[in-house]
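Participant: This one is work33.txt, compact mmCIF, C-alpha atoms.
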# COMPACT_ATOMS: atom_id res chain seq x y z
CA MET A 17 0.00 0.00 0.00
CA LYS A 18 1.01 3.59 -0.44
CA ASN A 19 2.63 4.99 2.69
CA LYS A 20 1.44 8.20 4.33
CA MET A 21 4.99 9.53 4.06
CA ILE A 22 4.58 9.80 0.29
CA GLN A 23 3.31 13.26 -0.60
CA LYS A 24 -0.46 13.11 -0.83
CA ILE A 25 -2.19 13.92 -4.04
CA GLY A 26 -4.61 16.89 -4.14
CA LEU A 27 -8.03 16.52 -2.61
CA ALA A 28 -10.36 16.68 -5.60
CA ILE A 29 -12.70 13.94 -6.73
CA THR A 30 -15.83 13.62 -8.73
CA THR A 31 -18.94 12.90 -6.69
CA SER A 32 -20.99 11.24 -9.40
CA LEU A 33 -21.85 7.59 -8.85
CA LEU A 34 -22.35 5.60 -12.05
CA SER A 35 -23.97 2.19 -11.97
CA TRP A 36 -22.13 -0.69 -13.57
CA ASN A 37 -23.57 -2.06 -16.80
CA ILE A 38 -23.02 -5.61 -17.98
CA SER A 39 -22.47 -4.44 -21.54
CA PHE A 40 -19.72 -2.04 -20.45
CA ALA A 41 -16.63 -2.34 -22.63
CA GLN A 42 -13.49 -0.24 -22.65
CA THR A 43 -13.10 0.89 -26.22
CA ILE A 44 -9.89 2.84 -25.65
CA ASP A 45 -7.91 -0.06 -27.08
CA SER A 46 -10.77 -2.38 -28.07
CA TYR A 47 -10.60 -4.41 -24.86
CA ILE A 48 -13.88 -6.26 -24.60
CA PRO A 49 -14.22 -8.49 -21.53
CA SER A 50 -15.09 -12.11 -22.13
CA GLN A 51 -18.44 -13.52 -21.04
CA LYS A 52 -16.70 -15.32 -18.18
CA ASN A 53 -15.14 -12.02 -17.12
CA ILE A 54 -18.49 -10.23 -17.23
CA GLU A 55 -20.03 -12.95 -15.08
CA ALA A 56 -17.12 -12.70 -12.65
CA ARG A 57 -17.63 -8.94 -12.38
CA LYS A 58 -21.26 -9.42 -11.40
CA LYS A 59 -20.34 -12.07 -8.83
CA PHE A 60 -17.66 -9.77 -7.46
CA GLN A 61 -20.22 -7.01 -6.97
CA ASP A 62 -22.64 -9.44 -5.36
CA ASN A 63 -20.02 -10.53 -2.81
CA LYS A 64 -19.65 -7.01 -1.36
CA PHE A 65 -17.14 -7.91 1.39
CA GLY A 66 -13.61 -9.28 1.33
CA ILE A 67 -10.62 -9.51 3.67
CA PHE A 68 -7.20 -8.14 2.76
CA ILE A 69 -4.09 -9.87 4.14
CA HIS A 70 -0.76 -8.01 4.28
CA TRP A 71 1.79 -10.59 5.37
CA GLY A 72 5.48 -11.08 4.70
CA ILE A 73 8.86 -11.18 6.41
CA TYR A 74 8.31 -7.54 7.41
CA SER A 75 5.91 -8.85 10.06
CA MET A 76 9.00 -9.99 12.02
CA LEU A 77 10.00 -6.34 12.52
CA ALA A 78 6.45 -5.59 13.75
CA GLN A 79 6.67 -2.08 12.29
CA GLY A 80 4.50 -2.35 9.19
CA GLU A 81 5.25 -3.29 5.59
CA TRP A 82 7.16 -0.08 4.69
CA TYR A 83 9.93 -0.40 7.27
CA MET A 84 12.61 -1.35 4.75
CA THR A 85 12.39 1.85 2.72
CA ASN A 86 11.30 4.18 5.52
CA HIS A 87 14.45 3.31 7.50
CA ASN A 88 16.79 2.78 4.53
CA ILE A 89 17.56 -0.84 5.35
CA ASP A 90 20.17 -2.27 3.01
CA TRP A 91 18.63 -5.15 1.06
CA ARG A 92 21.50 -7.45 2.05
CA GLU A 93 20.64 -6.96 5.71
CA TYR A 94 16.90 -7.05 5.14
CA GLU A 95 16.96 -10.37 3.34
CA LYS A 96 18.47 -11.99 6.46
CA LEU A 97 14.99 -11.78 7.99
CA ALA A 98 13.96 -14.65 5.75
CA SER A 99 16.34 -17.08 7.50
CA GLY A 100 14.42 -16.59 10.75
CA PHE A 101 10.88 -16.54 9.36
CA TYR A 102 9.06 -19.56 10.77
CA PRO A 103 5.32 -18.92 11.19
CA SER A 104 4.72 -22.10 13.19
CA ARG A 105 1.12 -21.23 14.02
CA PHE A 106 -0.03 -20.59 10.47
CA ASN A 107 -3.08 -22.70 9.74
CA ALA A 108 -4.83 -22.05 6.44
CA ALA A 109 -8.02 -23.83 7.54
CA GLU A 110 -8.29 -21.67 10.66
CA TRP A 111 -7.69 -18.49 8.69
CA VAL A 112 -10.28 -19.27 6.04
CA SER A 113 -12.83 -20.47 8.60
CA ALA A 114 -12.48 -17.29 10.67
CA ILE A 115 -12.74 -15.09 7.60
CA LYS A 116 -15.71 -17.02 6.24
CA ALA A 117 -17.47 -16.67 9.61
CA SER A 118 -17.10 -12.89 9.31
CA GLY A 119 -19.35 -12.91 6.27
CA ALA A 120 -16.52 -12.08 3.87
CA LYS A 121 -16.75 -13.78 0.49
CA TYR A 122 -13.17 -13.44 -0.72
CA ILE A 123 -9.58 -13.07 0.48
CA CYS A 124 -6.87 -10.95 -1.12
CA ILE A 125 -3.33 -11.75 0.07
CA THR A 126 0.04 -10.19 -0.71
CA SER A 127 1.82 -12.64 -2.99
CA ARG A 128 4.76 -10.22 -3.32
CA HIS A 129 5.02 -6.80 -1.68
CA HIS A 130 7.41 -3.91 -2.36
CA ASP A 131 10.26 -5.58 -0.43
CA GLY A 132 10.44 -8.22 -3.17
CA PHE A 133 9.86 -11.26 -0.95
CA SER A 134 7.56 -13.81 -2.59
CA MET A 135 5.07 -15.57 -0.32
CA PHE A 136 4.87 -18.47 -2.76
CA HIS A 137 7.28 -20.97 -4.31
CA THR A 138 8.53 -19.19 -7.40
CA GLN A 139 11.17 -20.37 -9.85
CA GLN A 140 12.02 -16.76 -10.73
CA SER A 141 13.84 -15.92 -7.48
CA ASP A 142 15.14 -17.81 -4.47
CA PHE A 143 13.92 -14.95 -2.24
CA ASN A 144 10.71 -16.78 -1.42
CA ILE A 145 9.05 -18.53 1.49
CA VAL A 146 10.09 -22.04 0.43
CA ASP A 147 13.69 -21.49 -0.64
CA ALA A 148 14.76 -18.68 1.73
CA THR A 149 13.11 -19.65 5.03
CA PRO A 150 13.32 -22.61 7.41
CA PHE A 151 9.53 -22.92 7.13
CA LYS A 152 9.85 -24.47 3.66
CA ARG A 153 6.09 -24.43 3.07
CA ASP A 154 4.22 -22.67 0.28
CA ILE A 155 1.63 -20.83 2.36
CA LEU A 156 -0.04 -19.49 -0.76
CA LYS A 157 -0.65 -23.02 -2.03
CA GLU A 158 -2.06 -24.05 1.35
CA LEU A 159 -4.30 -20.98 1.45
CA ALA A 160 -5.43 -21.47 -2.15
CA ASP A 161 -6.35 -25.10 -1.51
CA GLU A 162 -8.31 -24.15 1.61
CA CYS A 163 -10.11 -21.29 -0.14
CA HIS A 164 -11.20 -23.64 -2.90
CA LYS A 165 -12.29 -26.20 -0.29
CA GLN A 166 -14.38 -23.68 1.68
CA ASP A 167 -15.71 -21.87 -1.41
CA ILE A 168 -13.97 -18.57 -0.70
CA LYS A 169 -12.61 -16.70 -3.70
CA LEU A 170 -8.87 -15.99 -3.64
CA HIS A 171 -7.46 -12.71 -4.98
CA LEU A 172 -3.75 -11.99 -5.21
CA TYR A 173 -2.02 -8.70 -4.46
CA TYR A 174 1.06 -8.19 -6.62
CA SER A 175 3.43 -5.22 -6.36
CA HIS A 176 4.95 -3.56 -9.41
CA ILE A 177 7.73 -2.29 -7.11
CA ASP A 178 10.83 -4.08 -5.86
CA TRP A 179 13.15 -2.40 -3.33
CA ARG A 180 15.71 -5.20 -3.68
CA ARG A 181 16.17 -6.23 -7.31
CA GLU A 182 18.87 -4.51 -9.34
CA ASP A 183 16.82 -4.69 -12.53
CA TYR A 184 13.93 -2.63 -11.09
CA PRO A 185 13.93 0.64 -13.11
CA ALA A 186 15.96 3.48 -11.61
CA GLY A 187 14.27 6.72 -10.65
CA GLY A 188 11.51 5.40 -8.41
CA ASN A 189 10.16 7.49 -5.54
CA THR A 190 10.77 4.73 -2.97
CA GLY A 191 13.56 2.30 -2.11
CA LYS A 192 16.26 4.91 -2.66
CA GLY A 193 18.23 3.91 0.44
CA THR A 194 18.08 0.12 0.18
CA GLY A 195 21.56 -0.36 -1.27
CA ARG A 196 20.93 -0.85 -4.96
CA THR A 197 23.76 0.47 -7.14
CA ASN A 198 23.46 3.86 -8.78
CA GLY A 199 22.14 3.61 -12.29
CA HIS A 200 20.56 0.25 -11.65
CA GLY A 201 17.69 -0.88 -13.82
CA ASP A 202 16.97 -3.25 -16.68
CA TRP A 203 13.30 -2.90 -17.59
CA PRO A 204 13.08 -5.81 -20.09
CA SER A 205 14.56 -8.11 -17.44
CA TYR A 206 12.27 -6.87 -14.68
CA TYR A 207 9.17 -6.94 -16.87
CA ARG A 208 9.96 -10.52 -17.89
CA PHE A 209 10.44 -11.45 -14.21
CA MET A 210 7.04 -10.03 -13.24
CA ASN A 211 5.21 -11.71 -16.11
CA ASN A 212 6.87 -15.04 -15.36
CA GLN A 213 5.74 -14.77 -11.74
CA LEU A 214 2.20 -13.83 -12.77
CA THR A 215 2.17 -16.86 -15.07
CA GLU A 216 3.15 -19.06 -12.12
CA LEU A 217 0.44 -17.57 -9.92
CA LEU A 218 -2.23 -18.08 -12.56
CA THR A 219 -1.05 -21.58 -13.45
CA ASN A 220 -0.13 -23.29 -10.18
CA TYR A 221 -2.78 -22.12 -7.70
CA GLY A 222 -6.11 -22.90 -9.31
CA PRO A 223 -8.78 -20.33 -10.24
CA ILE A 224 -7.82 -16.83 -9.06
CA GLY A 225 -10.57 -14.26 -8.61
CA ALA A 226 -8.46 -11.16 -9.22
CA ILE A 227 -4.95 -9.78 -9.55
CA TRP A 228 -4.70 -6.67 -7.35
CA PHE A 229 -1.79 -4.54 -8.57
CA ASP A 230 -0.06 -1.83 -6.54
CA GLY A 231 2.91 0.47 -7.10
CA VAL A 232 2.40 2.26 -10.44
CA TRP A 233 2.45 5.50 -8.45
CA ASP A 234 6.16 4.90 -7.69
CA ARG A 235 7.12 6.12 -11.15
CA PRO A 236 6.35 9.33 -13.09
CA SER A 237 3.07 9.26 -14.98
CA ASN A 238 4.90 9.08 -18.33
CA PHE A 239 6.65 5.80 -17.47
CA ASP A 240 5.38 2.96 -19.65
CA TRP A 241 4.63 -0.04 -17.44
CA GLN A 242 3.42 -1.95 -20.51
CA LEU A 243 0.22 -2.71 -18.67
CA LYS A 244 -1.72 -3.65 -21.79
CA GLU A 245 0.52 -6.60 -22.56
CA GLN A 246 0.54 -7.63 -18.90
CA TYR A 247 -3.24 -7.41 -18.66
CA ASP A 248 -3.58 -9.38 -21.90
CA LEU A 249 -1.39 -12.13 -20.41
CA ILE A 250 -3.61 -12.39 -17.33
CA HIS A 251 -6.83 -12.50 -19.34
CA LYS A 252 -5.31 -15.12 -21.64
CA LEU A 253 -4.25 -17.35 -18.74
CA GLN A 254 -7.53 -16.98 -16.82
CA PRO A 255 -10.26 -15.06 -18.70
CA ALA A 256 -12.46 -14.81 -15.58
CA CYS A 257 -9.65 -13.34 -13.47
CA LEU A 258 -10.42 -9.69 -12.75
CA ILE A 259 -7.73 -7.02 -12.86
CA GLY A 260 -7.60 -4.06 -10.50
CA ASN A 261 -4.79 -1.56 -10.05
CA ASN A 262 -4.30 0.68 -7.04
CA HIS A 263 -2.61 3.39 -9.12
CA HIS A 264 -4.82 6.28 -7.89
CA ARG A 265 -5.52 7.29 -11.49
CA ASP A 266 -8.46 6.97 -13.84
CA VAL A 267 -8.94 3.37 -14.98
CA TYR A 268 -6.74 2.00 -17.73
CA ALA A 269 -8.04 -0.13 -20.57
CA GLY A 270 -7.95 -3.80 -19.59
CA GLU A 271 -8.92 -3.26 -15.96
CA ASP A 272 -12.06 -4.96 -14.66
CA ILE A 273 -12.51 -3.33 -11.25
CA GLN A 274 -11.65 0.12 -9.89
CA ILE A 275 -9.88 0.47 -6.57
CA PHE A 276 -10.07 3.25 -3.98
CA GLU A 277 -7.68 3.38 -1.02
CA ARG A 278 -8.85 4.31 2.51
CA ASP A 279 -11.93 6.12 1.19
CA VAL A 280 -15.30 5.13 -0.17
CA PRO A 281 -15.88 6.25 -3.77
CA GLY A 282 -16.82 9.91 -3.80
CA GLU A 283 -14.72 10.85 -0.78
CA ASN A 284 -11.04 11.73 -0.49
CA THR A 285 -10.11 12.25 3.15
CA ALA A 286 -6.85 10.27 2.80
CA GLY A 287 -5.69 12.09 -0.32
CA TYR A 288 -5.37 9.07 -2.61
CA SER A 289 -8.71 9.22 -4.45
CA THR A 290 -8.55 11.93 -7.07
CA GLN A 291 -9.65 9.59 -9.85
CA ALA A 292 -13.04 9.81 -11.50
CA ILE A 293 -15.54 7.09 -10.59
CA SER A 294 -15.87 4.73 -13.54
CA ALA A 295 -18.62 2.36 -14.64
CA LEU A 296 -16.52 -0.63 -13.50
CA PRO A 297 -17.29 -2.57 -10.32
CA LEU A 298 -15.83 -0.60 -7.40
CA GLU A 299 -13.81 -1.63 -4.35
CA THR A 300 -12.47 0.38 -1.43
CA CYS A 301 -9.71 -0.98 0.79
CA GLN A 302 -9.45 0.03 4.43
CA THR A 303 -7.53 -1.13 7.51
CA MET A 304 -8.94 -2.50 10.76
CA ASN A 305 -6.39 -0.42 12.66
CA GLY A 306 -3.85 2.04 11.23
CA MET A 307 -1.28 -0.11 9.40
CA TRP A 308 -1.54 -2.68 6.62
CA GLY A 309 1.28 -4.96 7.77
CA TYR A 310 1.59 -6.05 11.41
CA LYS A 311 2.70 -3.31 13.81
CA ILE A 312 2.96 -4.36 17.42
CA THR A 313 2.24 -0.88 18.84
CA ASP A 314 -0.83 -0.31 16.67
CA GLN A 315 -3.70 -1.65 18.77
CA ASN A 316 -6.03 1.16 17.74
CA TYR A 317 -8.56 -1.09 16.07
CA LYS A 318 -11.75 0.42 14.76
CA SER A 319 -14.82 -0.69 16.71
CA THR A 320 -17.14 -3.33 15.32
CA LYS A 321 -19.78 -0.62 14.93
CA ALA A 322 -17.40 1.59 12.95
CA LEU A 323 -16.46 -1.30 10.66
CA ILE A 324 -20.09 -2.22 10.06
CA HIS A 325 -20.83 1.42 9.25
CA TYR A 326 -17.92 1.41 6.79
CA LEU A 327 -19.25 -1.71 5.10
CA VAL A 328 -22.75 -0.27 4.86
CA ARG A 329 -21.57 3.11 3.57
CA THR A 330 -19.43 1.36 0.99
CA ALA A 331 -22.33 -0.79 -0.22
CA GLY A 332 -24.49 2.32 -0.40
CA ARG A 333 -21.96 3.75 -2.84
CA ASN A 334 -22.24 0.67 -5.02
CA ALA A 335 -18.85 -0.67 -3.95
CA ASN A 336 -17.20 -3.58 -2.15
CA LEU A 337 -15.23 -3.29 1.08
CA LEU A 338 -11.82 -4.98 1.25
CA LEU A 339 -10.93 -4.88 4.96
CA ASN A 340 -7.29 -5.43 5.93
CA ILE A 341 -5.66 -7.58 8.60
CA GLY A 342 -1.90 -7.78 9.26
CA PRO A 343 -1.11 -11.28 10.60
CA GLN A 344 1.52 -11.74 13.31
CA PRO A 345 4.95 -13.19 12.45
CA ASN A 346 3.99 -16.51 14.06
CA GLY A 347 1.18 -16.92 11.53
CA GLU A 348 -1.76 -16.08 13.78
CA LEU A 349 -4.38 -13.46 13.06
CA PRO A 350 -4.33 -10.87 15.90
CA ALA A 351 -6.90 -11.50 18.64
CA LEU A 352 -8.51 -8.07 18.12
CA ALA A 353 -8.87 -8.80 14.42
CA ILE A 354 -10.63 -12.08 15.22
CA ASP A 355 -12.93 -10.22 17.61
CA ARG A 356 -13.89 -7.74 14.88
CA LEU A 357 -14.43 -10.55 12.37
CA ASN A 358 -16.77 -12.28 14.81
CA GLY A 359 -18.72 -9.08 15.43
CA MET A 360 -19.17 -8.36 11.74
CA GLY A 361 -20.17 -11.97 11.11
CA LYS A 362 -22.92 -11.85 13.72
CA TRP A 363 -24.31 -8.66 12.23
CA LEU A 364 -24.17 -9.93 8.65
CA SER A 365 -25.90 -13.18 9.64
CA LYS A 366 -28.94 -11.06 10.51
CA TYR A 367 -28.72 -8.18 8.05
CA GLY A 368 -26.58 -9.48 5.20
CA GLU A 369 -29.64 -9.76 2.99
CA THR A 370 -29.61 -5.96 2.72
CA ILE A 371 -25.93 -5.95 1.66
CA TYR A 372 -25.12 -9.04 -0.43
CA ASP A 373 -26.26 -9.00 -4.07
CA SER A 374 -27.38 -5.38 -3.65
CA ARG A 375 -26.45 -2.28 -5.59
CA GLY A 376 -26.34 1.36 -4.55
CA GLY A 377 -29.91 2.49 -3.87
CA ASP A 378 -32.12 5.26 -5.19
CA ILE A 379 -31.28 7.64 -2.35
CA PRO A 380 -27.80 9.23 -2.61
CA PRO A 381 -25.53 8.92 0.45
CA HIS A 382 -26.27 11.40 3.26
CA SER A 383 -24.80 12.11 6.67
CA TRP A 384 -27.58 10.00 8.23
CA GLY A 385 -26.80 6.94 6.08
CA VAL A 386 -27.22 5.30 2.69
CA SER A 387 -29.55 3.09 0.68
CA THR A 388 -29.10 -0.24 -1.09
CA ARG A 389 -31.44 -1.94 -3.54
CA LYS A 390 -32.36 -5.46 -4.71
CA GLY A 391 -35.08 -5.58 -7.33
CA ASN A 392 -38.12 -3.70 -6.03
CA ARG A 393 -36.79 -3.74 -2.45
CA LEU A 394 -35.10 -0.55 -1.30
CA PHE A 395 -33.24 -0.62 2.02
CA ILE A 396 -32.76 2.62 3.91
CA HIS A 397 -29.76 2.24 6.24
CA ILE A 398 -30.03 4.80 9.04
CA LEU A 399 -26.67 5.08 10.80
CA ASP A 400 -26.87 8.47 12.52
CA LEU A 401 -30.19 10.24 12.96
CA LYS A 402 -31.19 12.53 15.82
CA GLU A 403 -34.91 12.65 15.02
CA ASN A 404 -37.77 10.15 14.79
CA GLY A 405 -38.54 11.13 11.22
CA LEU A 406 -36.65 11.15 7.92
CA TYR A 407 -37.56 12.85 4.66
CA ILE A 408 -36.02 11.24 1.57
CA PRO A 409 -36.24 12.37 -2.08
CA LEU A 410 -38.07 9.23 -3.20
CA LYS A 411 -40.98 9.79 -5.56
CA VAL A 412 -41.47 6.17 -6.63
CA PRO A 413 -44.77 4.85 -5.20
CA ILE A 414 -44.28 2.66 -2.12
CA LYS A 415 -46.29 -0.51 -1.66
CA LYS A 416 -45.09 -1.29 1.86
CA ALA A 417 -42.70 0.11 4.48
CA MET A 418 -41.41 -1.94 7.40
CA LYS A 419 -38.51 -2.27 9.80
CA PHE A 420 -36.29 -4.95 8.30
CA SER A 421 -35.39 -6.69 11.56
CA ASN A 422 -38.94 -7.54 12.65
CA GLN A 423 -41.14 -6.55 9.70
CA ALA A 424 -43.00 -4.06 11.91
CA PRO A 425 -44.82 -1.51 9.72
CA ILE A 426 -43.28 1.95 9.36
CA GLU A 427 -45.54 4.93 8.90
CA PHE A 428 -44.85 6.89 5.72
CA LYS A 429 -46.31 9.74 3.69
CA GLN A 430 -45.51 10.64 0.12
CA ASP A 431 -45.93 13.93 -1.72
CA LYS A 432 -44.79 15.23 -5.09
CA ASP A 433 -41.24 15.85 -3.83
CA GLY A 434 -40.50 12.77 -1.79
CA THR A 435 -41.31 10.51 1.16
CA LEU A 436 -41.50 11.10 4.90
CA LEU A 437 -40.72 8.11 7.13
CA LYS A 438 -41.94 8.26 10.74
CA PHE A 439 -40.46 6.05 13.45
CA PRO A 440 -41.81 5.07 16.88
CA GLN A 441 -38.63 6.51 18.43
CA ILE A 442 -35.27 7.95 17.41
CA PRO A 443 -33.25 5.13 15.76
CA ASP A 444 -30.49 4.00 18.10
CA GLU A 445 -29.31 0.72 16.55
CA ILE A 446 -25.99 0.16 14.80
CA ASP A 447 -27.95 0.26 11.55
CA TYR A 448 -31.69 0.90 11.65
CA ILE A 449 -32.86 -0.61 8.37
CA VAL A 450 -36.15 0.32 6.76
CA GLU A 451 -37.29 -1.93 3.91
CA LEU A 452 -39.42 -0.25 1.27
CA VAL A 453 -41.25 -2.43 -1.23
CA LEU A 454 -41.74 -0.32 -4.33
CA LYS A 455 -44.68 -0.59 -6.70
When written as structure tokens, how does the structure in this file appear?
Facilitator:
Amino acid sequence: MKNKMIQKIGLAITTSLLSWNISFAQTIDSYIPSQKNIEARKKFQDNKFGIFIHWGIYSMLAQGEWYMTNHNIDWREYEKLASGFYPSRFNAAEWVSAIKASGAKYICITSRHHDGFSMFHTQQSDFNIVDATPFKRDILKELADECHKQDIKLHLYYSHIDWRREDYPAGGNTGKGTGRTNGHGDWPSYYRFMNNQLTELLTNYGPIGAIWFDGVWDRPSNFDWQLKEQYDLIHKLQPACLIGNNHHRDVYAGEDIQIFERDVPGENTAGYSTQAISALPLETCQTMNGMWGYKITDQNYKSTKALIHYLVRTAGRNANLLLNIGPQPNGELPALAIDRLNGMGKWLSKYGETIYDSRGGDIPPHSWGVSTRKGNRLFIHILDLKENGLYIPLKVPIKKAMKFSNQAPIEFKQDKDGTLLKFPQIPDEIDYIVELVLK
């Protein structure tokens, strides 16, 4: 992920929300998604909730995933971490079971982060979890097998950056103090290395739901990453595999989902979301606490209520939430993360019907909450309201209004400008959901 120490981009963003259309095709370079890809996009939108996993040898330092570059660690010293990496308590079945119980429908894990360490058995470099560590196990293979077994989709994060390799192009904004020689860089070599690794990932680990790229922002905007050819390779190997790129720019041709970092689409409090909102399926990634990778001093986890609100607000903006966890170096998910997963799972077991398979509703997001819709059912999610009434700009005739949790009728009155909902008392639940059946 992009570190806060990088200079933030300006705080402008379009506020229009465009609904995704199945016939959408990027005509910039004649990329037309396959039927399998179109079906995968719809399924992705239906899933609504995924868990992000940032895990690598940086977890041993317990200072987050950017420690190597932030503290100018020479790559020769940094790579020694691998010889002590032995996550003895890693259990793929336990991970997937805990994540599935949270209500999440997919997992996205870092296959290779900016430090260059591969969390899978690659033939392209010996700096990987099988060849460089005493653990000698391909955790990605174990996780992939368990995801397939438990019917959880697996997405793979892949960094375009490498703070260690000499062939990574010179002139990047990060990794300047990691000991690479001046004038390093051999783009054809590095590009071949990346594509060979992507081929391994899409050949040896079964069906992959998405490749989640990160790092384009490390280079000037005029640098040619040759994304088209790379995207074509992915779609050739697995046509249903979706491509997303956390580049903080407008979508490129060949991408299947659009990513927003630390903000729901339409907001830009973190400074990374200046891009226009496209017609592609949308996803916003957010952390449970402050860091992406494990940081021992960061116990400032968002409350279960705050995380549920984030999920609901994201769904109301027609997007998915990818919620991050940084596993400990011993392979366990932090106890507070498990607690939050359990809390979200309990809530979704009762109210998930208003989130899964939904799209952004007829009522635009407001400070009080959002709306989601499934067919002729419109769900009004009231998250923060100080009154026992709510006026919404809904002119569509209503057949029935009820509280979702118990089907108790809700009093309503419509006029030419909208609809007034009246409640027995001021809503005080985590999410007071009103279901409107439209005529």
Participant: Given all atoms listed in the file as the basis, pick out the residue of A:Leu172, A:Val280, A:Ile414, A:Ile123 nearest to Leu327 (chain A).
Facilitator: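 Among A:Leu172, A:Val280, A:Ile414, A:Ile123, it is A:Val280 that comes nearest to Leu327 (chain A).
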Participant: Please, which residues in region 36-112 of chain A fall within 8 Å of region 338-343 of chain A when counting only C-alpha atoms, and what is the closest atom pair and distance in Å to one decimal for each, ordered by chain then residue number, as CSV?
Facilitator:
residue,atom,partner,partner_atom,distance
A:Phe65,CA,A:Leu338,CA,6.1
A:Gly66,CA,A:Leu338,CA,4.7
A:Ile67,CA,A:Leu339,CA,4.8
A:Phe68,CA,A:Asn340,CA,4.2
A:Ile69,CA,A:Ile341,CA,5.3
A:His70,CA,A:Gly342,CA,5.1
A:Trp71,CA,A:Pro343,CA,6.0
A:Ser75,CA,A:Pro343,CA,7.4
Participant: Please measure the separation of CA of Gly193 (chain A) and CA of Asp234 (chain A), giving the value in Å to one decimal.
Facilitator: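 We find that CA of Gly193 (chain A) and CA of Asp234 (chain A) lie 14.6 Å from each other.
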Participant: What is the distance, in Å and to one decimal place, between CA of Gly119 (chain A) and CA of Lys362 (chain A)?
Facilitator: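 Distance between the two atoms: 8.3 Å.
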Participant: With distances taken over all atoms listed in the file, which residue among A:Gln441, A:Gly282, A:Ile312, A:Ile408 lies nearest Phe428 (chain A)?
Facilitator: A:Ile408
Participant: Compile the contact shell of Arg153 (chain A) as a list in words: residues with an atom at most 12 Å away, counting all atoms listed in the file, same-chain residues fewer than 4 positions apart removed.
Facilitator: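 Using all atoms listed in the file, the neighbours found are Phe101, Tyr102, Pro103, Ser104, Phe106, Asn107, Ala108, Met135, Phe136, His137, Thr138, Asn144, Ile145, Val146, Asp147, Ala148, Thr149, Lys157, Glu158 and Leu159 of chain A.
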Participant: Between A:Phe229, A:Trp91, A:Phe439, A:Tyr184, single out the one closest to Thr126 (chain A), counting only C-alpha atoms.
Facilitator: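 The closest residue to Thr126 (chain A) is A:Phe229.
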Participant: For a test of reading the model, state the distance in Å between CA of Glu110 (chain A) and CA of Leu218 (chain A), rounded to one decimal.
Facilitator: 24.3 Å
Participant: Please enclose the listed atoms of region 324-328 of chain A in an axis-aligned box, pad each side by 6 Å, and write out the centre and the three edge lengths in Å, rounded to one decimal, as lines of an AutoDock Vina configuration file.
Facilitator:
center_x = -20.3
center_y = -0.4
center_z = 7.5
size_x = 16.8
size_y = 15.6
size_z = 17.2
Participant: Would you be able to write out as a PyMOL selection string which residues have an atom within 10 Å of (-6.8, -22.0, -2.4) in the file's coordinates, counting all atoms listed in the file?
Facilitator: chain A and resi 108+112+123+155-171+221-224
Participant: Please determine, counting only C-alpha atoms, which residue among A:Arg278, A:His325, A:Lys415, A:Arg265 has the shortest atom-to-atom distance to Ser294 (chain A).
Facilitator: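 Looking only at the distances to Ser294 (chain A), the closest residue turns out to be A:Arg265.
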Participant: Using only C-alpha atoms, which of A:His130, A:His264, A:His87, A:His200 sits nearest Asn284 (chain A)?
Facilitator: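 Looking only at the distances to Asn284 (chain A), the closest residue turns out to be A:His264.
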Participant: So which residues touch region 243-247 of chain A within 9 Å, counting all atoms listed in the file, skipping near sequence neighbours fewer than 4 positions away, as number ranges by chain?
Facilitator: A: 45, 207, 210-211, 214, 251-252, 259, 268-271
Participant: Quick one: of A:Gly80, A:Arg389, A:Glu55, A:Ser205, who's nearest to Asn305 (chain A), counting all atoms listed in the file?
Facilitator: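 Among the listed residues, the smallest separation from Asn305 (chain A) belongs to A:Gly80.
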Participant: Env of Arg181 (chain A): 12 Å cut, atoms = all atoms listed in the file, seq-sep filter 4 positions within chain, self excluded. Answer as a PyMOL selection string.
Facilitator: chain A and resi 90-92+95+130-133+140-143+176-177+185-186+191+194-197+200-203+205-207+209-210
